[in-house]
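Trainee: I have a structure I would like to understand better, so I am pasting it below and will then ask my questions one at a time.
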Amino acid sequence: MNKTLSRTKVSIALAALITTSNTAYAEQKQAEKELLDLERIVVTGATGRGVTKLESSVSITTLNEDQLAREMPLGTADLLEVIPGFWVEDSGGETNNNVAPRGLRGGEGFRYIGVQEDGLPVVYDGIWVDFYQRQDITTQSMEAVRGGTSGLLTTNGPAALVNFITKKPDDIKEGAIKLSAADYGMYRMDGYYSTPLNDDWKMLVGGFYRQSDGVRDTQFTADKGGQLRVNLVRDLSQGQLTLSAKHLDDHTTFFVPIPLQDQKDPKGIPGLDPQTGTMIGKGQQHLKYLKQDGSYLTRDLKDGQHTKYSHLGANLEWDFNDNLFLTAAARYSQFENDMYILLNFDNSTLVEAEQRLLAADAQQMVDMFADQGAVAAMYQYVDTGELIADPSQLNGNGLVTTSYPLYSRYEADQFVSKLSLTYENEQHSLTVGWLYAHVDADDLPVDKWESFFLTEVAENVRLLDVVAVNEQQQVIGQLTDGGSTGYAPGWGQATAYGKSSSHSIIVNEEFQATDKLRLDAGFRIEWLSLDSTASGTAFAQPVAGAFDEFGNDVDNNLANNYADMPSSQYFKKSKDETETAWTIGFNYKINDNFSVFGRYADAFEMPRLMSHGQTIHAGENASFNDTINLTFNEVGMRYSGQSFGTSLTLFNTKFKDLTERNFTGADGSLSNQTIDTVTQGLEFEASWRPMDSVDVEVAGVIQNPEMEGFDGNFSAWEGNQVKRTPKVQLRVTPTYYFDQGNLYLTVHHIGDRFSDGQNQFELPAYTTIDAGVNYQLSNNINLHVKGTNITDEIGLTEGNPRAINDQQAGYQYYYARPILGRTINASVTVNF
C-alpha cells in the first residue's frame, strides 16, 4: 500500500474517532491528577528515602507510565525532548541520535548525560547509549535530573542523570499486550506478564518486537528486532531482592543529511522529498570493497546498525533497622554493535554533473586512453551499464555527489556495581557508597572509511561510474570501479582494543536543619585506569594482479589498482586519572505548596576508552581525550496550587576545555581548538488547569549559550553562539479530558541556531504540531492514535557537520538533516 493512501486512511479514522467521542469530562479521573506531580517521591538524584519533588534540591522532570505511553517516542532521544534544557537532534532515526544538556553544542551523542536503568549506568562512558537503552511496555517511569547531583551519583554524567525504572511483578497476575502500527510500514508488538511463582518469588517477563520500512523510505526493511526482559523479585524479612535479565537484538538505519536548497527558507530539490526522502536505497545496498589481495568484501546496508546487548543484574535492598539500610546492585553486560552507515562530505561535493565530467581526473583519464580511441568522459549506471546521454537532466536537478560508507565495530564486556550504606534519623541522612565499573573491549570503534562512491542526487540513489568512451560510445576505460573512486581513502583498516577500570567513593549528607530548611552536600572521588592498543592503516598498497610485469594497468580501470591494508604497527597507550566532584544544595519549603532550592556543583567527564583508537591517525602521538570539567550554579522555585503549578530554574553552566573540531580539508584533516562554553538560562515547567476537563502544560528553556577561548585563525569566533544549539525552546501541550479518554495537542517551537562555529549558516527557527487521542474502548482496551509533525514542517536539526572549515554558507545546494515529516501512529493496548 502506498504511503499517501495509508496515511489518508489513518487520518480519516482519527477524525471519525474524535467526532464520535463522548466529550463529557471525567471528574473523578481529573481530581486524581496532580499538577507537576510534586508529591511524587523521587529515587533519582537523592540518597535519602521519602524525598518528594517539592522537597528536592535538584531540577527534576518525571514521567509516569501513562505519560511515557502518550509520547509514542521513536527512540530514546525522541523521548527526552520532554526535558527542559535538553536540545535533542532525533532526526537520525531510532538510534544514534544527539542529546545536549544545558547549552552544550549539538552533535555529541549522549555525552555528559548519565543514562541509567534501575539506578545503574547502562554504559560507563555514556557514548551511543541509545543503541542499548530502549523503552517498551516494561518501562514504568523515567526520572531526569538536570545538573544537580548528577555528577555525584553516576559516572560521566556531569550535566544530567536520566534513570529509567522498570516494572516489578506484583502479588497478582496481570499483563498487557500492545499492538502498534505506523503509516511508514512499522508494525510492533509490546507485551508483559506478571505473576507470583510461589509464596517467595514473583516474576515479570516482557519486551517488544517490531519491524519498519523506515521513517524515510530505504526500499528495504530498515529497522527490525526487539528485546526480552525478565525480572524476578523476592520479598525478604527486612528487604527485597531483585534479579533481572535482558537481551536485545536489533537493526536500525541511520539517516544522514540530504541535499536541500535555500538556506534562509529550507526547501527540497527536484527528485528528493525533504519530508520522507533519503538517498539510501537498493542502489547502494550492497557495496563492494577491494582488498589488497584482489578479493572484494561486500557489506549489506540493510544490516545497518546491528546491536546485540545482554545483561544479568541483581539488586538487594536491606534494612538493618529503622535507621540503617543497605543497597547493593550489580550488572554484567555484553555489548556488540556493528555500525555500517553512509555519510556525505563537504557541500562542495554537490556538483553539476556536466562539470564533474570536465574535472581534471576525468579529463586525464580520457587523455590516458586516447591512443585506444577514447574521445570523451560519460556517466554509466553501475547496475545496468546504461550510458547517460544528457547528465544535465539527471532526476530534474542535474547533480552528482560523493558519499562515503563508514564502518565501526564495538564489542565489550562490562561489569558495574554499586554499594551504599545510609544512616537516617529525623535530621540526618548520611550515605557512603562505592561505585565500580570495568570495561573489557575486544573491539573499540574506529571510524573506517573504506571508499568513496559517486552517485546521482535523488531518492534511493544509483551508483555511477565515470568512463572513457570512443566515438561509437563503447567503454574504453574507467575512472571508477562500481561507483568507487578508489579504495585507499585512509584509516579503512585501523583497529583498536582495550580495558578501563573505574572506582568511585561517594559521600552525601542530607540535613534537615529546620522544619522548612533542608541542606545537602557531597563529593565523589573517581580513580580511572585506561589501557588501549590501536593499529593504523598501511595506505595505498598495490592490489595483487592490478599491474602486469611492465607496470601497466591490466584492465584499464584506474580505481582498482590500490587499496589500504592492515598495518603491522600497533601503538599502546595507558592513562591513570583521578578527579573529584562535589556539590552543595538546599531546599526551603515555605509551605506545603511552595518551595525554593539552589545548588552549586563542580563535576567532570573522564577520558573515554575509545578516544585513543579514534586518534590513531596521529600514530605515536595518538592519545586519550582530556578530562572535561563542568561547573554550574542554579536557583529555582516550585509551586503547586489547585489550578496552577510551576517549576522555574535559573542556571549558569560552564563546560571547560572542550575540543572544538573543524574540518580543514577534503581529506578529512582537522583543526582542533580547546574552548569553553558558558550558558545562562531559565528552564521552566508549568501546568494550568482552567477547568476540570482541561490541562495546559508548558515546558522549555530560554538561554544564551556562548563559546569562549578561541585563538589564532578562529579568534573572530569568540563569543559566538554555541553551534547547533538554540537559545529558545518551547513546548505547549493542552489536553481535553472526556469520559472515555482525552484529546491532546503539542506545539513545539525551536529557535534559530547556527550550523557552524563561525555563525554564518543559520538554521532557521521552526514549529511543529503533534496531535493525538486516547480512547478507552472498554475497561481493559485502550486505543491511542497520534499524528506527529502534522503540518509537515521542514526544520533542520543540523547543517553539514563535515563541511570544510565549517564554511557552509553561500551554496545553492547544501547538505542538512531535516526533521522527520508527518507520520501517523496507532496502538491498541489490551490489559488483562
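Naming scheme: A, B, ... for chains in displayed order of the C-alpha cells; residues 1 onward per chain; ligands 1 onward as shown.
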Taking only residues of region 298-383 of chain A that have an atom at most 6 Å from an atom of region 420-438 of chain A, what is each one's shortest atom pair and its distance in Å to one decimal, using only C-alpha atoms, in chain and number order, as CSV?
Mentor:
residue,atom,partner,partner_atom,distance
A:Asn323,CA,A:Glu424,CA,4.8
A:Leu324,CA,A:Tyr423,CA,4.6
A:Phe325,CA,A:Thr422,CA,5.5
A:Leu326,CA,A:Leu421,CA,4.7
A:Thr327,CA,A:Ser420,CA,5.3
Trainee: In region 17-205 of chain A, what's strand (DSSP E) per DSSP? Answer as a VMD selection string?
Mentor: chain A and resid 59 to 63 86 to 89 98 to 101 113 to 117 120 to 121 139 to 146 160 to 166 174 to 182 186 to 196 201 to 205
Trainee: Quick one: of A:Tyr193, A:Phe320, A:Trp582, A:Tyr209, who's nearest to Ser237 (chain A), counting only C-alpha atoms?
Mentor: A:Phe320
Trainee: Can you list, as a ChimeraX atom specification, every protein, DNA or RNA residue that comes within 8 Å of Tyr184 (chain A) when you count only C-alpha atoms, leaving out same-chain residues fewer than 5 positions away?
Mentor: /A:3,212-217,823
Trainee: Export, as a compact mmCIF listing (two decimals), in the first residue's frame, the selected residues with C-alpha atoms.
Mentor:
# COMPACT_ATOMS: atom_id res chain seq x y z
CA LYS A 3 2.24 5.71 1.97
CA SER A 212 9.74 -1.00 9.89
CA ASP A 213 10.33 0.21 6.34
CA GLY A 214 11.88 3.33 7.89
CA VAL A 215 10.54 6.81 8.56
CA ARG A 216 12.38 7.67 5.35
CA ASP A 217 11.86 5.12 2.57
CA THR A 823 3.66 10.37 10.47
Trainee: Go through A:Tyr588, A:Phe547, A:Phe655, A:Tyr404 one by one, measure the shortest atom-to-atom distance of each to Arg111 (chain A) using only C-alpha atoms, and give the residue with the smallest value.
Mentor: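 With only C-alpha atoms as the atom set, the closest residue is A:Phe655.
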Trainee: What does the structure give for the distance between CA of Lys572 (chain A) and CA of Asp293 (chain A), in Å to one decimal?
Mentor: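 We find that CA of Lys572 (chain A) and CA of Asp293 (chain A) lie 27.8 Å from each other.
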Trainee: Might you pull out every residue within 10 Å of Leu241 (chain A), with only C-alpha atoms counted and same-chain residues fewer than 2 positions away left off, and present them as a PyMOL selection string?
Mentor: chain A and resi 201+232-236+239+243+314-318+328-329
Trainee: Selection from above, N, CA and C atoms, as a PDB file, in the first residue's frame, can you write it?
Mentor:
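Saved file selection25.pdb follows:
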ATOM      1  N   TRP A 201       8.608 -16.023  45.507  1.00  0.00           N
ATOM      2  CA  TRP A 201       9.101 -15.372  44.283  1.00  0.00           C
ATOM      3  C   TRP A 201       7.962 -14.885  43.398  1.00  0.00           C
ATOM      4  N   LEU A 232      12.796 -10.978  38.357  1.00  0.00           N
ATOM      5  CA  LEU A 232      12.380 -11.853  39.456  1.00  0.00           C
ATOM      6  C   LEU A 232      12.545 -11.097  40.763  1.00  0.00           C
ATOM      7  N   VAL A 233      11.521 -11.148  41.616  1.00  0.00           N
ATOM      8  CA  VAL A 233      11.549 -10.416  42.886  1.00  0.00           C
ATOM      9  C   VAL A 233      11.222 -11.365  44.028  1.00  0.00           C
ATOM     10  N   ARG A 234      12.000 -11.233  45.095  1.00  0.00           N
ATOM     11  CA  ARG A 234      11.703 -11.971  46.328  1.00  0.00           C
ATOM     12  C   ARG A 234      11.669 -10.972  47.478  1.00  0.00           C
ATOM     13  N   ASP A 235      10.520 -10.933  48.169  1.00  0.00           N
ATOM     14  CA  ASP A 235      10.402 -10.106  49.363  1.00  0.00           C
ATOM     15  C   ASP A 235      11.039 -10.839  50.538  1.00  0.00           C
ATOM     16  N   LEU A 236      11.915 -10.144  51.243  1.00  0.00           N
ATOM     17  CA  LEU A 236      12.631 -10.706  52.371  1.00  0.00           C
ATOM     18  C   LEU A 236      12.107 -10.108  53.672  1.00  0.00           C
ATOM     19  N   GLY A 239      13.798  -6.687  53.618  1.00  0.00           N
ATOM     20  CA  GLY A 239      14.144  -6.015  52.370  1.00  0.00           C
ATOM     21  C   GLY A 239      13.600  -6.738  51.161  1.00  0.00           C
ATOM     22  N   LEU A 243      16.261  -9.845  40.782  1.00  0.00           N
ATOM     23  CA  LEU A 243      17.160 -10.378  39.760  1.00  0.00           C
ATOM     24  C   LEU A 243      16.598 -10.016  38.390  1.00  0.00           C
ATOM     25  N   ALA A 314      21.443  -7.853  39.554  1.00  0.00           N
ATOM     26  CA  ALA A 314      20.873  -8.146  40.867  1.00  0.00           C
ATOM     27  C   ALA A 314      20.851  -6.878  41.690  1.00  0.00           C
ATOM     28  N   ASN A 315      19.807  -6.751  42.504  1.00  0.00           N
ATOM     29  CA  ASN A 315      19.676  -5.593  43.382  1.00  0.00           C
ATOM     30  C   ASN A 315      19.117  -6.059  44.725  1.00  0.00           C
ATOM     31  N   LEU A 316      19.810  -5.694  45.788  1.00  0.00           N
ATOM     32  CA  LEU A 316      19.380  -6.049  47.141  1.00  0.00           C
ATOM     33  C   LEU A 316      19.158  -4.784  47.955  1.00  0.00           C
ATOM     34  N   GLU A 317      17.991  -4.664  48.529  1.00  0.00           N
ATOM     35  CA  GLU A 317      17.691  -3.586  49.478  1.00  0.00           C
ATOM     36  C   GLU A 317      17.447  -4.244  50.833  1.00  0.00           C
ATOM     37  N   TRP A 318      18.217  -3.807  51.841  1.00  0.00           N
ATOM     38  CA  TRP A 318      18.169  -4.470  53.142  1.00  0.00           C
ATOM     39  C   TRP A 318      18.144  -3.424  54.254  1.00  0.00           C
ATOM     40  N   ALA A 328      22.653  -2.748  47.512  1.00  0.00           N
ATOM     41  CA  ALA A 328      23.735  -3.373  46.752  1.00  0.00           C
ATOM     42  C   ALA A 328      23.181  -3.772  45.390  1.00  0.00           C
ATOM     43  N   ALA A 329      23.855  -3.334  44.324  1.00  0.00           N
ATOM     44  CA  ALA A 329      23.387  -3.632  42.970  1.00  0.00           C
ATOM     45  C   ALA A 329      24.581  -3.947  42.085  1.00  0.00           C
TER      46      ALA A 329
END
Trainee: For Phe710 (chain A), please output as a ChimeraX atom specification all residues within 12 Å (counting only C-alpha atoms; exclusion window: fewer than 5 positions along the same chain).
Mentor: /A:657-661,671-677,715-720,757-758
Trainee: Keeping N, CA and C atoms for every residue in the selection just given, could you write it to a file as a compact mmCIF listing (two decimals), in the first residue's frame?
Mentor:
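Writing the result to out_9.txt gives the following:
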# COMPACT_ATOMS: atom_id res chain seq x y z
N ASP A 657 37.34 23.30 28.70
CA ASP A 657 38.33 22.52 27.93
C ASP A 657 37.67 21.53 26.97
N LEU A 658 36.66 22.01 26.25
CA LEU A 658 36.06 21.21 25.20
C LEU A 658 36.91 21.31 23.93
N THR A 659 36.93 20.26 23.14
CA THR A 659 37.61 20.29 21.86
C THR A 659 36.63 20.69 20.77
N GLU A 660 36.87 21.82 20.15
CA GLU A 660 36.05 22.29 19.04
C GLU A 660 36.71 21.80 17.75
N ARG A 661 36.05 20.88 17.06
CA ARG A 661 36.63 20.22 15.89
C ARG A 661 36.11 20.86 14.61
N SER A 671 41.26 20.81 12.34
CA SER A 671 41.90 21.80 13.19
C SER A 671 41.11 21.83 14.49
N ASN A 672 41.79 21.55 15.60
CA ASN A 672 41.12 21.49 16.89
C ASN A 672 41.46 22.70 17.74
N GLN A 673 40.46 23.26 18.39
CA GLN A 673 40.63 24.36 19.33
C GLN A 673 40.10 23.90 20.69
N THR A 674 40.79 24.25 21.76
CA THR A 674 40.31 23.96 23.11
C THR A 674 39.59 25.20 23.62
N ILE A 675 38.30 25.05 23.91
CA ILE A 675 37.47 26.19 24.26
C ILE A 675 36.62 25.87 25.48
N ASP A 676 35.88 26.87 25.95
CA ASP A 676 34.86 26.71 26.98
C ASP A 676 33.52 27.13 26.38
N THR A 677 32.44 26.60 26.94
CA THR A 677 31.12 27.12 26.63
C THR A 677 30.48 27.59 27.93
N SER A 715 39.97 33.27 16.20
CA SER A 715 39.73 34.22 17.29
C SER A 715 38.47 35.05 17.05
N ALA A 716 38.08 35.23 15.79
CA ALA A 716 36.87 36.00 15.49
C ALA A 716 35.60 35.29 15.94
N TRP A 717 35.73 34.01 16.29
CA TRP A 717 34.56 33.26 16.74
C TRP A 717 34.26 33.49 18.22
N GLU A 718 35.12 34.21 18.92
CA GLU A 718 34.95 34.44 20.35
C GLU A 718 33.57 35.06 20.64
N GLY A 719 32.85 34.44 21.58
CA GLY A 719 31.54 34.94 21.97
C GLY A 719 30.41 34.51 21.07
N ASN A 720 30.70 33.72 20.03
CA ASN A 720 29.63 33.25 19.14
C ASN A 720 28.72 32.25 19.85
N GLY A 757 30.51 27.10 13.75
CA GLY A 757 31.05 27.92 14.82
C GLY A 757 31.24 29.37 14.42
N GLN A 758 31.39 29.62 13.14
CA GLN A 758 31.55 30.99 12.66
C GLN A 758 30.24 31.77 12.71
Trainee: For each of A:Glu89, A:Leu287, A:Phe220, A:Gly281, take the minimum atom-to-atom distance to Val457 (chain A), counting only C-alpha atoms, then give the residue where this is smallest.
Mentor: A:Gly281
Trainee: Please list as a list in words every residue within 6 Å of Gly109 (chain A), counting only C-alpha atoms and excluding residues in the same chain fewer than 4 positions away.
Mentor: Asn97, Asn98 and Val99 of chain A
Trainee: Looking at only C-alpha atoms, which of A:Gly545, A:Gly477, A:Gly619, A:Pro818 is the one that sits closest to Thr533 (chain A)?
Mentor: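 Ranked by minimum distance to Thr533 (chain A), first place goes to A:Gly619.
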Trainee: List as CSV every residue of region 507-610 of chain A that is in contact with region 59-63 of chain A, defined as an atom at most 12 Å from one of its atoms (using only C-alpha atoms), together with the nearest atom pair and the distance in Å rounded to one decimal, sorted by chain and then rising number.
Mentor:
residue,atom,partner,partner_atom,distance
A:Gly585,CA,A:Ser59,CA,11.2
A:Phe586,CA,A:Ser59,CA,11.8
A:Asn587,CA,A:Ser59,CA,11.2
A:Val596,CA,A:Ser59,CA,10.9
A:Phe597,CA,A:Ser59,CA,8.8
A:Gly598,CA,A:Ser59,CA,9.2
A:Arg599,CA,A:Ser59,CA,9.6
Trainee: Keeping only C-alpha atoms, take the residues you just selected and write them out as a PDB file, in the first residue's frame.
Mentor:
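Saved as result.pdb:
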ATOM      1  CA  GLY A 585      22.465  22.421  47.769  1.00  0.00           C
ATOM      2  CA  PHE A 586      19.420  23.482  49.749  1.00  0.00           C
ATOM      3  CA  ASN A 587      15.629  23.367  49.688  1.00  0.00           C
ATOM      4  CA  VAL A 596      12.741  27.311  46.705  1.00  0.00           C
ATOM      5  CA  PHE A 597      16.000  25.484  46.074  1.00  0.00           C
ATOM      6  CA  GLY A 598      19.542  26.145  44.948  1.00  0.00           C
ATOM      7  CA  ARG A 599      22.834  24.387  44.192  1.00  0.00           C
TER       8      ARG A 599
END
Trainee: Could you give me, as a ChimeraX atom specification, the residues within 9 Å of Asn593 (chain A), counting only C-alpha atoms and dropping anything in the same chain fewer than 2 positions from it?
Mentor: /A:38,54,589-591,595,638-641,645
Trainee: Could you write out the selected residues, including N, CA and C atoms, as an mmCIF file, in the first residue's frame?
Mentor:
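Contents of the output file out_13.cif:
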data_model
loop_
_atom_site.group_PDB
_atom_site.id
_atom_site.type_symbol
_atom_site.label_atom_id
_atom_site.label_comp_id
_atom_site.auth_asym_id
_atom_site.auth_seq_id
_atom_site.Cartn_x
_atom_site.Cartn_y
_atom_site.Cartn_z
ATOM 1 N N LEU A 38 4.198 17.019 42.164
ATOM 2 C CA LEU A 38 5.199 17.474 43.127
ATOM 3 C C LEU A 38 5.226 16.638 44.402
ATOM 4 N N LEU A 54 8.776 18.290 45.544
ATOM 5 C CA LEU A 54 8.668 19.604 46.167
ATOM 6 C C LEU A 54 9.821 19.859 47.125
ATOM 7 N N LYS A 589 11.276 24.861 52.161
ATOM 8 C CA LYS A 589 9.867 24.602 51.929
ATOM 9 C C LYS A 589 9.058 25.661 52.650
ATOM 10 N N ILE A 590 8.593 26.645 51.916
ATOM 11 C CA ILE A 590 7.865 27.767 52.504
ATOM 12 C C ILE A 590 6.532 27.299 53.069
ATOM 13 N N ASN A 591 5.835 26.459 52.317
ATOM 14 C CA ASN A 591 4.612 25.826 52.813
ATOM 15 C C ASN A 591 4.404 24.545 52.017
ATOM 16 N N SER A 595 8.131 25.928 47.397
ATOM 17 C CA SER A 595 9.491 25.773 47.917
ATOM 18 C C SER A 595 10.471 26.459 46.971
ATOM 19 N N ARG A 638 9.448 25.995 43.156
ATOM 20 C CA ARG A 638 8.359 25.113 42.743
ATOM 21 C C ARG A 638 7.094 25.532 43.471
ATOM 22 N N TYR A 639 5.995 25.485 42.747
ATOM 23 C CA TYR A 639 4.705 25.838 43.337
ATOM 24 C C TYR A 639 3.628 24.954 42.725
ATOM 25 N N SER A 640 2.708 24.513 43.556
ATOM 26 C CA SER A 640 1.573 23.753 43.061
ATOM 27 C C SER A 640 0.325 24.145 43.835
ATOM 28 N N GLY A 641 -0.632 24.762 43.133
ATOM 29 C CA GLY A 641 -1.904 25.127 43.736
ATOM 30 C C GLY A 641 -3.023 24.277 43.174
ATOM 31 N N GLY A 645 0.447 25.065 38.632
ATOM 32 C CA GLY A 645 1.702 24.621 39.224
ATOM 33 C C GLY A 645 2.850 24.984 38.310
#
